[in-house]
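Have a look at the structure below, then the notes.
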Amino acid sequence: MGSDRDPPPGPDRQTVTAQDPTAGIDPPPAVELRGIVKRFPGVVANDGVDFALATGEVHALLGENGAGKSTLMSILDGLYQPDEGEILVDGVRVAFRSPRDAISAGLGMVHQHFTLVASMTVTENVLIGLDAPRFRLRLDRAHEEVARLAEAHGLRVDPKARIWQLSVGERQRVEILKVLYRGARVLIMDEPTAVLAPQEVDELFRTLRSMTASGHSIVFISHKLGEVLAIADRITVMRRGRVTAAALPAAGATRAQLATLMVGRTITESHERAPGARGDVVLSIQDVEAQGDRGTPALRGVSLDVHAGEIVGIAGVAGNGQSELAEVVTGLRACSGRVLVGGDDVANRPVRSAIQRGVAHVPEDRHGVGSAPNLSLVDNLIMKRYRSEPIASGWAIDEAAARKVATELKDAYEVSAPSIDTQARLLSGGNLQRIILAREIESGSRVMIAVQPTRGLDVGAVETVHRLLIQRRAAGAAILLVSEELDELLALADRIAVIYEGRIVGVIDTADADVEHLGLLMTGGDKEPTEPARHVAGGLAG
Amino acid sequence: MTSLTPGGPRLSSPWTISLEPRLATSRWLSPALTAGALVVALVISGVILALVGADPIRVYIHILGSSLGSVGVISDTLVKSTPLILTGLACALAFRMRLWNIGAEGQLLLGAWAASAVVLVPLVPAGTPGVIVLSIMLVAGFLGGAAWGLIPGVLRARFGVNEIIATLMLNFIAFAWIQYWVFGPWSEGGFQLTPTFPVEAWLPRLSDLAAAVPAFRGLTVHAGFLVALVAAGIVWWIVERSALGYEIRLIGDNPRAARYAGIPIARIILLVFAVSGGLAGIAGMAEVSGVIHRLQDNFSPGYGYTAIIVAYLAKFHPLRVVPVAILFGALVLAGREIQPSGVPAMIQGIILFCLISSEVFLRYRVRIVRRLPAHRARGTEA
C-alpha cells in the first residue's frame with residue numbers, strides 16, 4: 001500500500017547541484033536521504049528509503065517499533081554505514097563514518113537513552129568530547145555560554161547543576177544543549193517524549209518551535225499519533241523498512257489515516273468485552289506494607305481483592321507504590337500483611353511458591369527482568385516451566401520438547417524472529433513482549449500481574465497485548481493491571497483502584513468512572529490540592 | 001564508539017575501517033577466531049623470542065618435540081594436562097554463571113590435603129584394598145576442594161562478598177595450610193614433604209601394565225587422566241543438558257530474570273561453588289596419588305591459575321577444556337625444558353591477551369568503507 005507515493009517530491013532533484021543559486025523556489029533540503037538500504041542478517045531494516053528534511057521544519061518520522069526509523073536515523077548520524085544509497089546535506093553528498101562526522105556537518109542526534117555523566121555538571125557534560133578548550137578549561141566562561149544558549153532556546157536548566165540532581169526533562173534539555181553547542185542545525189530526536197511527563201512535553205514542543213523559528217530543522221521520531229499531529233509540519237510514515245507515505249502535510253492528516261499507514265490495517269481502538277462472569281476472590285491482598293528500594297515506605301496498608309474473570313486496574317502516577325505492589329504479590333519483595341492466592345499466603349515466600357500457585361507476572365522491565373537478553377527464544381520461553389513435564393525429564397531438560405513448545409508459542413503468538421534460536425536482545429519491544437506474554441499466559445496461571453504491559457509498544461503490539469489480556473479474563477484469570485495510561489485502564493479494567501503514596505485511595509467501577517475524578521484521586525487532590533499538577537494530565541490528555 | 005580512525009595521516013587514504021555490531025554469528029566464526037588468535041600469539045611470542053636472541057622456529061620445534069615428540073613425552077604431557085583439565089572444568093563451570101572462582105589453586109591444594117589425610121592420618125586401616133583406598137581418597141579430594149569452595153560461596157550467597165577477592169585470598173591460606181602440615185605434623189624427618197604413600201594409595205599407571213604390554217614400559221600417565229575425561233563428560237551434561245545447567249545459564253545472563261523465574265540463586269551459588277571446588281580438589285588428589293605419591297610443598301606450578309586461561313580459551317565449554325588443557329600441559333612440560341620460568345609464562349600470557357582481544361571480532365564486524373569526498377568539516381578539524 002502507498003507504494004505509489006514512494007518517489008520523493010521534486011523528481012528532478014538528481015540533477016540539481018548544490019551550489020546552484022538559481023534553484024530559487026526550491027532550495028535543496030537541509031538533509032536528504034536517497035535510496036537507503038541497510039541489511040542486518042535476516043532483516044532488511046531499510047529497503048530503499050527516501051527522506052527529505054526541509055530547512056526550518058519539524059518533520060516527523062512515524063512508524064511502529066521495528067519499522068526501521070531508528071536504523072535510518074542511525075545512518076544519518078554516522079552510527080551505521082548504509083549498504084546502498086546516499087546522504088546529502090544542503091545538496092552536497094557526504095559520508096559519515098561516525099557521529100563526529102555528522103555533527104561537524106551540522107547534524108546532531110538526541111538519543112532516547114541519555115548519554116550523560118551523572119556526577120558532572122551540565123556545562124561539563126556539554127563540553128565532553130569537544131576539542132575546543134584545549135589546555136585551560138575556563139568553566140566560568142563555558143557556564144555563561146551554555147546559559148546563553150539555553151536562554152536563547154527556552155531550555156531552562158542550571159549550567160552548574162549536576163546531572164543526578166536533574167529531572168528527566170531537564171536531562172533531555174542538556175542533551176539538546178550538547179547538540180546545539182556543537183553547532184547543529186539539524187536535530188534528530190529519537191522518541192523524545194517517551195520519558196517525559198505531559199507538562200514537560202509541552203515545554204519540549206515550545207522549545208522545538210523556537211528552534212525551527214531560528215532556522216533549525218528537526219526530525220521527530222515517534223510512534224505516538226497525537227504528538228506527531230501536534231508538533232510536525234510534515235510526516236513521513238515507515239512500515240517494515242519502507243516508506244508508506246512521504247512528507248505528508250500534517251495539516252490535512254488524521255489519526256485514522258496515519259494509523260492505517262503505520263500498521264497496514266485499520267486499528268480498532270476499543271475492544272469487544274463480554275460482560276464479566278465474575279467468580280470467587282482468587283487474589284486477596286490484605287494490609288500489605290512494604291518498603292521501597294531506598295528503605296522508605298512504599299506501601300502503607302494496601303488491601304485489595306481480585307476475582308476470577310476480572311481485570312482490576314491500578315491507576316496512579318509512577319512511583320506511588322505500583323511497582324512494589326506487583327513485587328510483593330509475586331514474592332520478589334518482602335512485606336508485612338498477607339497476600340492470599342486461592343487461600344494460600346504467598347507473601348514473603350520464595351518466588352517459586354507464587355509461581356507454583358499460578359501467579360503469572362508480566363514485569364515492568366522487559367529487558368532487565370522479563371528476559372535473558374543473550375539467551376535464545378527457547379530459553380526465554382521455558383523460563384517458568386523448565387521444571388515440569390514435558391520439558392523436564394528427571395534432572396535433564398528435554399531439548400526436543402523445549403524446542404517444540406517454543407516453536408508452538410512463537411507461531412501462536414506471532415513472534416517475528418528469524419528462528420527460535422535468536423537471542424532475545426535482538427527482538428523489538430513488541431516481539432519481546434509477545435514472548436513474555438506467551439510464557440506467562442501459557443504457564444496456566446489463574447492470577448496475572450501485568451505491569452505497564454504496553455509501555456513503549458507501537459499501536460499494533462498494544463492491540464495484541466490488550467486482546468490477550470481480555471482473552472485471559474474470559475478464561476477466568478484474575479488480572480491485576482498496573483498502568484499509567486488511563487485510556488488503557490478504562491478500556492480494559494472492570495474496576496480501577498487508584499494508588500497514591502502507597503495507599504489505595506479509591507476503587508471505582510469502570511462503568512461509573514469519571515476521568516476528572518480519577519485524575520484528582522491520582523494526585524491526592526481529592527481532598528486537598530497539593531503540589532502544582534504532577535503529571536496528572538497523562539492519561540487525561542491522551 | 002563503533003568507529004576506529006586508522007593511525008597515520010588521516011586524509012591520504014580514501015578507505016577507512018569501521019566496526020559495526022554483529023547481530024548474528026555463524027557457527028565457525030568462534031573456533032576460527034580462537035585459532036587465529038593462537039597463531040597471532042605465536043607470531044608475537046616469536047618476535048619477542050627473536051629479540052632476546054633465540055631462534056623462534058627452533059624454540060617452537062623444541063617445544064613440540066619435548067611435549068609431543070614421542071609416546072613417552074606424550075604420556076608426560078597427558079600427566080601435566082590432567083590437573084589442568086580438572087581445574088579448567090572447575091573454572092569453566094563457575095565462569096558460566098559469571099561466578100569468578102579464581103580459587104581453583106587453593107581448592108586443588110585442599111583436595112590434595114584431604115586425600116593425603118586418608119592415608120596419613122590414616123582414615124583407613126592398613127591393608128585395605130587399593131580400589132577402596134583410592135575411592136575414599138577421590139571422595140575426600142572432592143570434599144576437601146568443595147569445602148574450600150563453599151567458604152567464598154557462603155560469603156557470596158549470604159553476604160554478597162566479592163568472590164574474586166575471597167577465592168584469591170583463600171589460595172594463600174591454602175598454601176600456608178599445606179606448608180604447616182608438610183613442615184609440621186606430617187613431615188618426614190624434618191623435610192618439607194610427607195612419607196611416601198603405600199602403593200594401595202597410588203593411582204595405577206600405564207607402566208603398571210608393562211608386564212603384559214611391553215610398549216607401556218615407562219609410561220607415566222595414570223588413571224587420573226581417565227577421571228578427568230569422565231569429569232569433562234559429566235560437567236558437559238550438567239551444563240548443556242540438565243535443568244541445573246539451564247539455571248546456571250539464566251543466572252549468568254541475567255540474575256534478575258533468574259530471580260523472577262523463581263530460581264533460588266543463593267542455593268545454586270553454593271552448589272556451583274561446591275562442585276567447582278570439588279573438581280579442583282580431585283585434581284589435587286590425582287596429583288598426590290598419581291604423580292608424587294606424597295604431599296609436599298610447592299607441588300603445583302600454579303595449575304589453578306593456568307586453569308583460568310584454559311577455561312577462557314575453551315570459551316567455558318567443558319568438552320573444549322580437554323584439548324586446550326592438553327595444549328597447555330604440553331606448554332608446561334616443554335616450558336621447563338626451555339627455561340624454568342619466563343618464556344612459557346610469557347607465551348601463555350600472550351595467548352590469553354590475543355584471545356580476549358579477538359572477542360571484539362565476535363561482537364563486531366569490520367568493514368572497510370570508502371570515504372567519500374568529505375563534507376567540509378567545521379568543528380572538529382579546526
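FYI, nothing fancy with the C-alpha cells labels: chains A, B, ... in order, residues from 1 per chain, ligands from 1 as they appear.
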
Quick one: residues within 12 Å of Trp395 in chain A, only C-alpha atoms counted, chain neighbours fewer than 2 positions away excluded, as a tab-separated table (two decimals) with N, CA and C atoms, in the first residue's frame?
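result_31.tsv written:
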```tsv
chain	number	residue	atom	x	y	z
A	386	TYR	N	10.47	-25.00	32.97
A	386	TYR	CA	11.53	-25.97	32.66
A	386	TYR	C	11.59	-27.06	33.71
A	387	ARG	N	10.87	-26.88	34.82
A	387	ARG	CA	10.91	-27.89	35.86
A	387	ARG	C	9.73	-28.83	35.81
A	388	SER	N	8.85	-28.64	34.82
A	388	SER	CA	7.69	-29.54	34.78
A	388	SER	C	7.64	-30.25	33.43
A	389	GLU	N	6.87	-31.32	33.38
A	389	GLU	CA	6.68	-32.08	32.15
A	389	GLU	C	6.08	-31.18	31.09
A	391	ILE	N	8.94	-30.70	29.48
A	391	ILE	CA	10.30	-30.21	29.22
A	391	ILE	C	11.29	-30.84	30.19
A	392	ALA	N	10.87	-30.98	31.46
A	392	ALA	CA	11.76	-31.63	32.40
A	392	ALA	C	11.63	-33.13	32.26
A	393	SER	N	12.78	-33.81	32.26
A	393	SER	CA	12.70	-35.27	32.38
A	393	SER	C	13.79	-35.66	33.36
A	397	ILE	N	16.85	-31.59	30.89
A	397	ILE	CA	15.88	-30.84	30.11
A	397	ILE	C	15.77	-31.51	28.75
A	398	ASP	N	14.56	-31.85	28.38
A	398	ASP	CA	14.34	-32.50	27.09
A	398	ASP	C	14.38	-31.43	26.00
B	237	TRP	N	27.39	-32.60	30.55
B	237	TRP	CA	25.97	-32.95	30.68
B	237	TRP	C	25.25	-31.95	31.60
B	238	ILE	N	25.93	-31.63	32.71
B	238	ILE	CA	25.30	-30.67	33.64
B	238	ILE	C	25.02	-29.35	32.94
B	239	VAL	N	26.04	-28.84	32.27
B	239	VAL	CA	25.93	-27.51	31.69
B	239	VAL	C	24.97	-27.48	30.51
B	240	GLU	N	25.04	-28.48	29.66
B	240	GLU	CA	24.30	-28.40	28.40
B	240	GLU	C	22.94	-29.10	28.44
B	241	ARG	N	22.77	-30.04	29.33
B	241	ARG	CA	21.56	-30.84	29.25
B	241	ARG	C	20.66	-30.79	30.47
B	242	SER	N	21.22	-30.41	31.61
B	242	SER	CA	20.42	-30.54	32.83
B	242	SER	C	19.64	-29.27	33.15
B	243	ALA	N	18.67	-29.41	34.03
B	243	ALA	CA	17.92	-28.24	34.50
B	243	ALA	C	18.84	-27.30	35.26
B	244	LEU	N	19.77	-27.89	36.01
B	244	LEU	CA	20.73	-27.04	36.73
B	244	LEU	C	21.54	-26.18	35.75
B	245	GLY	N	21.93	-26.81	34.63
B	245	GLY	CA	22.69	-26.07	33.62
B	245	GLY	C	21.90	-24.91	33.07
B	246	TYR	N	20.61	-25.13	32.87
B	246	TYR	CA	19.75	-24.05	32.39
B	246	TYR	C	19.72	-22.92	33.41
B	247	GLU	N	19.60	-23.31	34.69
B	247	GLU	CA	19.57	-22.28	35.74
B	247	GLU	C	20.88	-21.51	35.79
```

For Leu89 in chain B, please output as a list of chain:residue names all residues within 9 Å (counting only C-alpha atoms; exclusion window: fewer than 5 positions along the same chain).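 Once the nearby chain positions are removed, what remains is B:Leu84, B:Ala94, B:Ala228, B:Ala231, B:Ala232, B:Val235, B:Ser276, B:Leu279, B:Ala280, B:Ala307, B:Val310, B:Ala311, B:Phe316, B:His317, B:Pro318, B:Leu319, B:Val321, B:Val322.
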
Selection above as a file: N, CA and C atoms, as a short mmCIF file (atom, residue, chain, number, x, y, z; two decimals), in the first residue's frame:
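Final file, out-v3.cif:
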```
data_model
loop_
_atom_site.label_atom_id
_atom_site.label_comp_id
_atom_site.auth_asym_id
_atom_site.auth_seq_id
_atom_site.Cartn_x
_atom_site.Cartn_y
_atom_site.Cartn_z
N LEU B 84 45.09 -29.85 34.81
CA LEU B 84 44.58 -28.68 34.07
C LEU B 84 43.18 -28.92 33.56
N ALA B 94 32.05 -22.54 36.87
CA ALA B 94 31.72 -21.34 37.65
C ALA B 94 31.60 -20.12 36.74
N ALA B 228 39.57 -37.44 34.74
CA ALA B 228 39.38 -36.09 34.19
C ALA B 228 38.46 -36.14 32.97
N ALA B 231 35.00 -36.66 34.11
CA ALA B 231 34.51 -35.42 34.72
C ALA B 231 34.08 -34.44 33.63
N ALA B 232 34.87 -34.37 32.54
CA ALA B 232 34.51 -33.46 31.45
C ALA B 232 33.15 -33.83 30.89
N VAL B 235 30.43 -32.80 33.47
CA VAL B 235 30.22 -31.35 33.51
C VAL B 235 29.51 -30.91 32.23
N SER B 276 32.47 -26.88 41.70
CA SER B 276 33.67 -26.30 41.12
C SER B 276 34.88 -26.59 42.01
N LEU B 279 35.84 -30.32 41.87
CA LEU B 279 36.59 -30.72 40.68
C LEU B 279 38.06 -30.36 40.85
N ALA B 280 38.31 -29.15 41.35
CA ALA B 280 39.70 -28.77 41.58
C ALA B 280 40.32 -29.66 42.65
N ALA B 307 44.46 -22.72 34.84
CA ALA B 307 43.11 -23.20 34.55
C ALA B 307 42.20 -22.05 34.09
N VAL B 310 42.83 -21.69 30.57
CA VAL B 310 42.29 -22.86 29.87
C VAL B 310 40.78 -22.70 29.69
N ALA B 311 40.11 -22.30 30.77
CA ALA B 311 38.65 -22.16 30.70
C ALA B 311 38.28 -21.08 29.70
N PHE B 316 34.58 -21.58 28.01
CA PHE B 316 33.78 -22.16 29.11
C PHE B 316 33.03 -23.41 28.67
N HIS B 317 33.46 -24.01 27.56
CA HIS B 317 32.78 -25.21 27.10
C HIS B 317 33.52 -26.43 27.63
N PRO B 318 32.84 -27.29 28.42
CA PRO B 318 33.53 -28.37 29.11
C PRO B 318 34.32 -29.31 28.20
N LEU B 319 33.76 -29.64 27.03
CA LEU B 319 34.48 -30.59 26.19
C LEU B 319 35.70 -29.95 25.54
N VAL B 321 37.55 -27.90 26.98
CA VAL B 321 38.57 -27.76 28.00
C VAL B 321 39.64 -28.84 27.80
N VAL B 322 39.24 -30.03 27.36
CA VAL B 322 40.19 -31.15 27.29
C VAL B 322 41.34 -30.86 26.31
#
```

For each of B:Ala117, B:Ile308, B:Val124, B:Ile248, take the minimum atom-to-atom distance to chain A, counting only C-alpha atoms, then give the residue where this is smallest.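 Using only C-alpha atoms, the shortest distance to chain A belongs to B:Ile248.
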
What lies within 12 Å of range 206-216 of chain B using only C-alpha atoms, ignoring chain neighbours under 5 positions off, as a list of chain:residue names? B:Val71, B:Gly72, B:Ser75, B:Asp76, B:Leu78, B:Val79, B:Val199, B:Val221, B:His222, B:Ala223, B:Gly224, B:Phe225, B:Leu226, B:Gly290

So that I can see what lies close to range 104-121 of chain A, please list as JSON, numbers by chain the residues with an atom at most 7 Å from it, counting only C-alpha atoms and leaving out residues fewer than 6 positions away in the same chain. {"A": [77, 159, 160, 161, 162, 163, 164, 175, 176, 179, 183, 184, 185, 186, 187, 188, 189, 190, 191, 192], "B": [375, 377, 378, 379, 380]}

Residues from the last selection, N, CA and C atoms, saved as a PDB file, in the first residue's frame:
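Written file, result33.pdb:
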```pdb
ATOM      1  N   ASP A  77      23.147   9.662  11.421  1.00  0.00           N
ATOM      2  CA  ASP A  77      24.004  10.148  12.490  1.00  0.00           C
ATOM      3  C   ASP A  77      25.410   9.536  12.429  1.00  0.00           C
ATOM      4  N   PRO A 159      23.300  25.630  34.451  1.00  0.00           N
ATOM      5  CA  PRO A 159      24.543  25.047  33.911  1.00  0.00           C
ATOM      6  C   PRO A 159      25.437  24.458  34.995  1.00  0.00           C
ATOM      7  N   LYS A 160      25.284  24.921  36.234  1.00  0.00           N
ATOM      8  CA  LYS A 160      26.184  24.445  37.285  1.00  0.00           C
ATOM      9  C   LYS A 160      25.607  23.244  38.037  1.00  0.00           C
ATOM     10  N   ALA A 161      24.378  22.880  37.719  1.00  0.00           N
ATOM     11  CA  ALA A 161      23.777  21.746  38.411  1.00  0.00           C
ATOM     12  C   ALA A 161      24.431  20.456  37.955  1.00  0.00           C
ATOM     13  N   ARG A 162      24.474  19.491  38.850  1.00  0.00           N
ATOM     14  CA  ARG A 162      24.996  18.181  38.459  1.00  0.00           C
ATOM     15  C   ARG A 162      23.855  17.332  37.906  1.00  0.00           C
ATOM     16  N   ILE A 163      24.214  16.461  36.970  1.00  0.00           N
ATOM     17  CA  ILE A 163      23.181  15.742  36.221  1.00  0.00           C
ATOM     18  C   ILE A 163      22.258  14.943  37.152  1.00  0.00           C
ATOM     19  N   TRP A 164      22.835  14.334  38.180  1.00  0.00           N
ATOM     20  CA  TRP A 164      21.996  13.477  39.030  1.00  0.00           C
ATOM     21  C   TRP A 164      20.931  14.266  39.762  1.00  0.00           C
ATOM     22  N   GLU A 175      20.853  17.213  26.832  1.00  0.00           N
ATOM     23  CA  GLU A 175      21.206  16.517  25.586  1.00  0.00           C
ATOM     24  C   GLU A 175      21.017  17.440  24.385  1.00  0.00           C
ATOM     25  N   ILE A 176      19.924  18.193  24.405  1.00  0.00           N
ATOM     26  CA  ILE A 176      19.682  19.116  23.290  1.00  0.00           C
ATOM     27  C   ILE A 176      20.758  20.192  23.275  1.00  0.00           C
ATOM     28  N   VAL A 179      23.967  19.119  21.693  1.00  0.00           N
ATOM     29  CA  VAL A 179      23.930  19.094  20.234  1.00  0.00           C
ATOM     30  C   VAL A 179      23.986  20.518  19.678  1.00  0.00           C
ATOM     31  N   GLY A 183      26.959  23.224  17.345  1.00  0.00           N
ATOM     32  CA  GLY A 183      26.629  23.930  16.108  1.00  0.00           C
ATOM     33  C   GLY A 183      25.678  23.183  15.210  1.00  0.00           C
ATOM     34  N   ALA A 184      24.894  22.256  15.757  1.00  0.00           N
ATOM     35  CA  ALA A 184      23.985  21.502  14.900  1.00  0.00           C
ATOM     36  C   ALA A 184      22.856  22.396  14.410  1.00  0.00           C
ATOM     37  N   ARG A 185      22.523  22.246  13.146  1.00  0.00           N
ATOM     38  CA  ARG A 185      21.370  22.952  12.614  1.00  0.00           C
ATOM     39  C   ARG A 185      20.238  21.967  12.357  1.00  0.00           C
ATOM     40  N   VAL A 186      20.611  20.689  12.357  1.00  0.00           N
ATOM     41  CA  VAL A 186      19.597  19.659  12.178  1.00  0.00           C
ATOM     42  C   VAL A 186      19.606  18.778  13.419  1.00  0.00           C
ATOM     43  N   LEU A 187      18.460  18.671  14.087  1.00  0.00           N
ATOM     44  CA  LEU A 187      18.375  17.828  15.272  1.00  0.00           C
ATOM     45  C   LEU A 187      17.543  16.594  14.956  1.00  0.00           C
ATOM     46  N   ILE A 188      18.085  15.454  15.322  1.00  0.00           N
ATOM     47  CA  ILE A 188      17.330  14.209  15.167  1.00  0.00           C
ATOM     48  C   ILE A 188      16.917  13.799  16.565  1.00  0.00           C
ATOM     49  N   MET A 189      15.611  13.766  16.790  1.00  0.00           N
ATOM     50  CA  MET A 189      15.156  13.450  18.140  1.00  0.00           C
ATOM     51  C   MET A 189      14.476  12.085  18.128  1.00  0.00           C
ATOM     52  N   ASP A 190      15.097  11.131  18.824  1.00  0.00           N
ATOM     53  CA  ASP A 190      14.594   9.753  18.829  1.00  0.00           C
ATOM     54  C   ASP A 190      13.617   9.579  19.984  1.00  0.00           C
ATOM     55  N   GLU A 191      12.352   9.491  19.678  1.00  0.00           N
ATOM     56  CA  GLU A 191      11.299   9.287  20.673  1.00  0.00           C
ATOM     57  C   GLU A 191      11.490  10.207  21.879  1.00  0.00           C
ATOM     58  N   PRO A 192      11.554  11.493  21.650  1.00  0.00           N
ATOM     59  CA  PRO A 192      11.924  12.391  22.756  1.00  0.00           C
ATOM     60  C   PRO A 192      10.875  12.450  23.859  1.00  0.00           C
TER      61      PRO A 192
ATOM     62  N   HIS B 375      32.453  16.120   3.663  1.00  0.00           N
ATOM     63  CA  HIS B 375      31.829  17.412   3.852  1.00  0.00           C
ATOM     64  C   HIS B 375      32.848  18.313   4.516  1.00  0.00           C
ATOM     65  N   ALA B 377      34.488  19.970   7.010  1.00  0.00           N
ATOM     66  CA  ALA B 377      34.252  19.835   8.444  1.00  0.00           C
ATOM     67  C   ALA B 377      34.447  21.173   9.110  1.00  0.00           C
ATOM     68  N   ARG B 378      33.550  21.469  10.016  1.00  0.00           N
ATOM     69  CA  ARG B 378      33.649  22.776  10.659  1.00  0.00           C
ATOM     70  C   ARG B 378      34.250  22.692  12.049  1.00  0.00           C
ATOM     71  N   GLY B 379      33.700  21.822  12.872  1.00  0.00           N
ATOM     72  CA  GLY B 379      34.087  21.847  14.282  1.00  0.00           C
ATOM     73  C   GLY B 379      35.401  21.149  14.573  1.00  0.00           C
ATOM     74  N   THR B 380      35.451  19.879  14.242  1.00  0.00           N
ATOM     75  CA  THR B 380      36.492  19.046  14.822  1.00  0.00           C
ATOM     76  C   THR B 380      37.856  19.263  14.192  1.00  0.00           C
TER      77      THR B 380
END
```

Got a sec: who's within 10 Å of Ile165 in chain B, counting only C-alpha atoms, leaving out chain neighbours fewer than 2 positions off, as a compact mmCIF listing (two decimals) with C-alpha atoms, in the first residue's frame?
```txt
# COMPACT_ATOMS: atom_id res chain seq x y z
CA TRP B 100 34.57 -15.72 39.08
CA ASN B 101 36.13 -18.53 41.05
CA ILE B 102 39.84 -17.93 40.69
CA GLY B 103 40.49 -20.09 43.71
CA PRO B 152 33.61 -17.99 49.29
CA VAL B 161 31.14 -10.66 49.32
CA ASN B 162 33.01 -10.39 46.04
CA GLU B 163 34.11 -13.92 45.18
CA THR B 167 38.84 -17.01 46.35
CA LEU B 168 42.16 -15.34 45.63
CA MET B 169 42.91 -14.78 49.31
CA LEU B 170 41.92 -18.32 50.18
```

Report the closest atom pair, with its distance in Å rounded to one decimal, for each residue of chain A that has an atom no farther than 6 Å from chain B; count only C-alpha atoms, sort by chain and then rising residue number, and write it as a tab-separated table.
```
residue	atom	partner	partner_atom	distance
A:Val94	CA	B:His375	CA	5.6
A:Ala95	CA	B:Leu372	CA	5.6
A:Ser104	CA	B:Ala377	CA	5.2
A:Val351	CA	B:Gly262	CA	4.7
A:Arg352	CA	B:Gly262	CA	4.3
A:Val369	CA	B:Ala257	CA	4.4
A:Gly370	CA	B:Ala257	CA	5.7
A:Ser371	CA	B:Ala257	CA	5.8
A:Ala372	CA	B:Asn254	CA	5.4
A:Met383	CA	B:Ala261	CA	6.0
A:Lys384	CA	B:Ala261	CA	5.7
A:Trp395	CA	B:Ser242	CA	5.6
A:Ala396	CA	B:Ser242	CA	3.9
A:Ile397	CA	B:Ser242	CA	5.3
```

Please, which residues of range 146-361 of chain A, numbered as in this document, come out helix (DSSP H, G or I) from DSSP, as a PyMOL selection string? chain A and resi 146-152+163-165+168-181+198-213+225-231+250-252+255-263+322-329+351-356

Contacts of Ser443 in chain A within 10 Å, only C-alpha atoms, excl. fewer than 2 positions in-chain, as a PDB file with C-alpha atoms, in the first residue's frame:
```pdb
ATOM      1  CA  ILE A 355       4.647 -19.303  40.530  1.00  0.00           C
ATOM      2  CA  GLN A 356       3.526 -22.759  41.615  1.00  0.00           C
ATOM      3  CA  GLY A 358      -0.391 -19.904  39.459  1.00  0.00           C
ATOM      4  CA  VAL A 359       0.762 -16.298  39.698  1.00  0.00           C
ATOM      5  CA  ALA A 360       1.970 -15.051  36.336  1.00  0.00           C
ATOM      6  CA  ILE A 382      10.719 -22.128  29.034  1.00  0.00           C
ATOM      7  CA  MET A 383      11.734 -19.943  31.984  1.00  0.00           C
ATOM      8  CA  LYS A 384       8.643 -20.714  34.037  1.00  0.00           C
ATOM      9  CA  ARG A 385       8.147 -24.336  33.110  1.00  0.00           C
ATOM     10  CA  LEU A 437       3.038 -12.870  27.410  1.00  0.00           C
ATOM     11  CA  ALA A 438       3.221 -16.222  25.660  1.00  0.00           C
ATOM     12  CA  ARG A 439       5.297 -17.593  28.501  1.00  0.00           C
ATOM     13  CA  GLU A 440       3.188 -16.119  31.291  1.00  0.00           C
ATOM     14  CA  ILE A 441      -0.182 -16.934  29.798  1.00  0.00           C
ATOM     15  CA  SER A 445      -1.885 -19.136  35.644  1.00  0.00           C
ATOM     16  CA  ARG A 446      -5.033 -18.138  37.471  1.00  0.00           C
TER      17      ARG A 446
END
```

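Taking CA of Leu432 in chain A as the reference point, CA of Ser70 in chain A is found at 17.4 Å.
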
So which residues touch Lys69 in chain A within 9 Å, counting only C-alpha atoms, skipping near sequence neighbours fewer than 3 positions away, as a short mmCIF file (atom, residue, chain, number, x, y, z; two decimals) with N, CA and C atoms, in the first residue's frame?
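The new file around_20.cif reads:
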```
data_model
loop_
_atom_site.label_atom_id
_atom_site.label_comp_id
_atom_site.auth_asym_id
_atom_site.auth_seq_id
_atom_site.Cartn_x
_atom_site.Cartn_y
_atom_site.Cartn_z
N ALA A 45 16.45 -3.77 7.26
CA ALA A 45 15.92 -2.74 8.16
C ALA A 45 15.45 -1.53 7.36
N ASN A 46 16.18 -1.18 6.33
CA ASN A 46 15.78 -0.10 5.43
C ASN A 46 15.87 -0.61 4.02
N LEU A 61 8.97 11.35 11.74
CA LEU A 61 9.19 10.04 11.14
C LEU A 61 8.40 9.07 12.00
N LEU A 62 7.31 8.60 11.42
CA LEU A 62 6.35 7.82 12.19
C LEU A 62 6.43 6.36 11.77
N GLY A 63 6.31 5.48 12.72
CA GLY A 63 6.30 4.06 12.38
C GLY A 63 6.28 3.22 13.63
N GLU A 64 5.90 1.96 13.46
CA GLU A 64 5.87 1.03 14.58
C GLU A 64 7.30 0.75 15.03
N ASN A 65 7.43 0.16 16.21
CA ASN A 65 8.74 -0.32 16.62
C ASN A 65 9.20 -1.35 15.60
N GLY A 66 10.44 -1.21 15.18
CA GLY A 66 10.94 -2.17 14.21
C GLY A 66 10.63 -1.80 12.78
N LEU A 72 17.39 4.12 10.23
CA LEU A 72 17.57 5.18 9.25
C LEU A 72 18.29 6.36 9.88
N MET A 73 17.86 6.73 11.09
CA MET A 73 18.46 7.89 11.73
C MET A 73 19.86 7.59 12.24
N SER A 74 20.12 6.34 12.59
CA SER A 74 21.47 5.99 12.98
C SER A 74 22.42 6.09 11.79
N ASP A 190 15.10 11.13 18.82
CA ASP A 190 14.59 9.75 18.83
C ASP A 190 13.62 9.58 19.98
N ILE A 221 11.25 11.58 15.68
CA ILE A 221 10.90 10.16 15.54
C ILE A 221 9.89 9.80 16.62
N SER A 222 8.82 9.16 16.23
CA SER A 222 7.80 8.83 17.22
C SER A 222 6.89 7.73 16.71
N MET A 238 6.79 5.15 8.01
CA MET A 238 7.54 3.96 7.60
C MET A 238 6.84 2.72 8.12
N ARG A 239 7.00 1.67 7.33
CA ARG A 239 6.46 0.38 7.75
C ARG A 239 7.35 -0.70 7.17
N GLY A 241 10.49 -1.21 7.04
CA GLY A 241 11.68 -0.80 6.31
C GLY A 241 11.42 0.03 5.07
#
```

Give me, as CSV, the closest atom pair and its distance (Å, one decimal) for every residue of range 431-467 of chain A within a cut-off of 8 Å of range 325-348 of chain A, counting only C-alpha atoms, rows sorted by chain and rising number.
```
residue,atom,partner,partner_atom,distance
A:Val447,CA,A:Val341,CA,7.9
A:Ile449,CA,A:Ala326,CA,6.5
A:Val451,CA,A:Ala326,CA,7.3
```

When you draw a straight line from CA of Ala245 in chain A to CA of Phe51 in chain A, how long is it in Å? 10.3 Å

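Distances from B:Val73, B:Leu93, B:Ala345, B:Ala314 to Gly277 in chain B were compared using only C-alpha atoms, and the smallest one belongs to B:Leu93.
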
What are the DSSP strand (DSSP E or B) residues of range 207-393 of chain A, as JSON, numbers by chain? {"A": [217, 218, 219, 220, 221, 222, 234, 235, 236, 237, 238, 239, 242, 243, 244, 245, 246, 247, 248, 249, 281, 282, 283, 284, 285, 286, 287, 288, 289, 290, 291, 297, 298, 299, 300, 301, 302, 303, 304, 305, 306, 307, 310, 311, 312, 313, 314, 315, 336, 337, 338, 339, 340, 341, 344, 345, 359, 360, 361, 362, 376, 392, 393]}
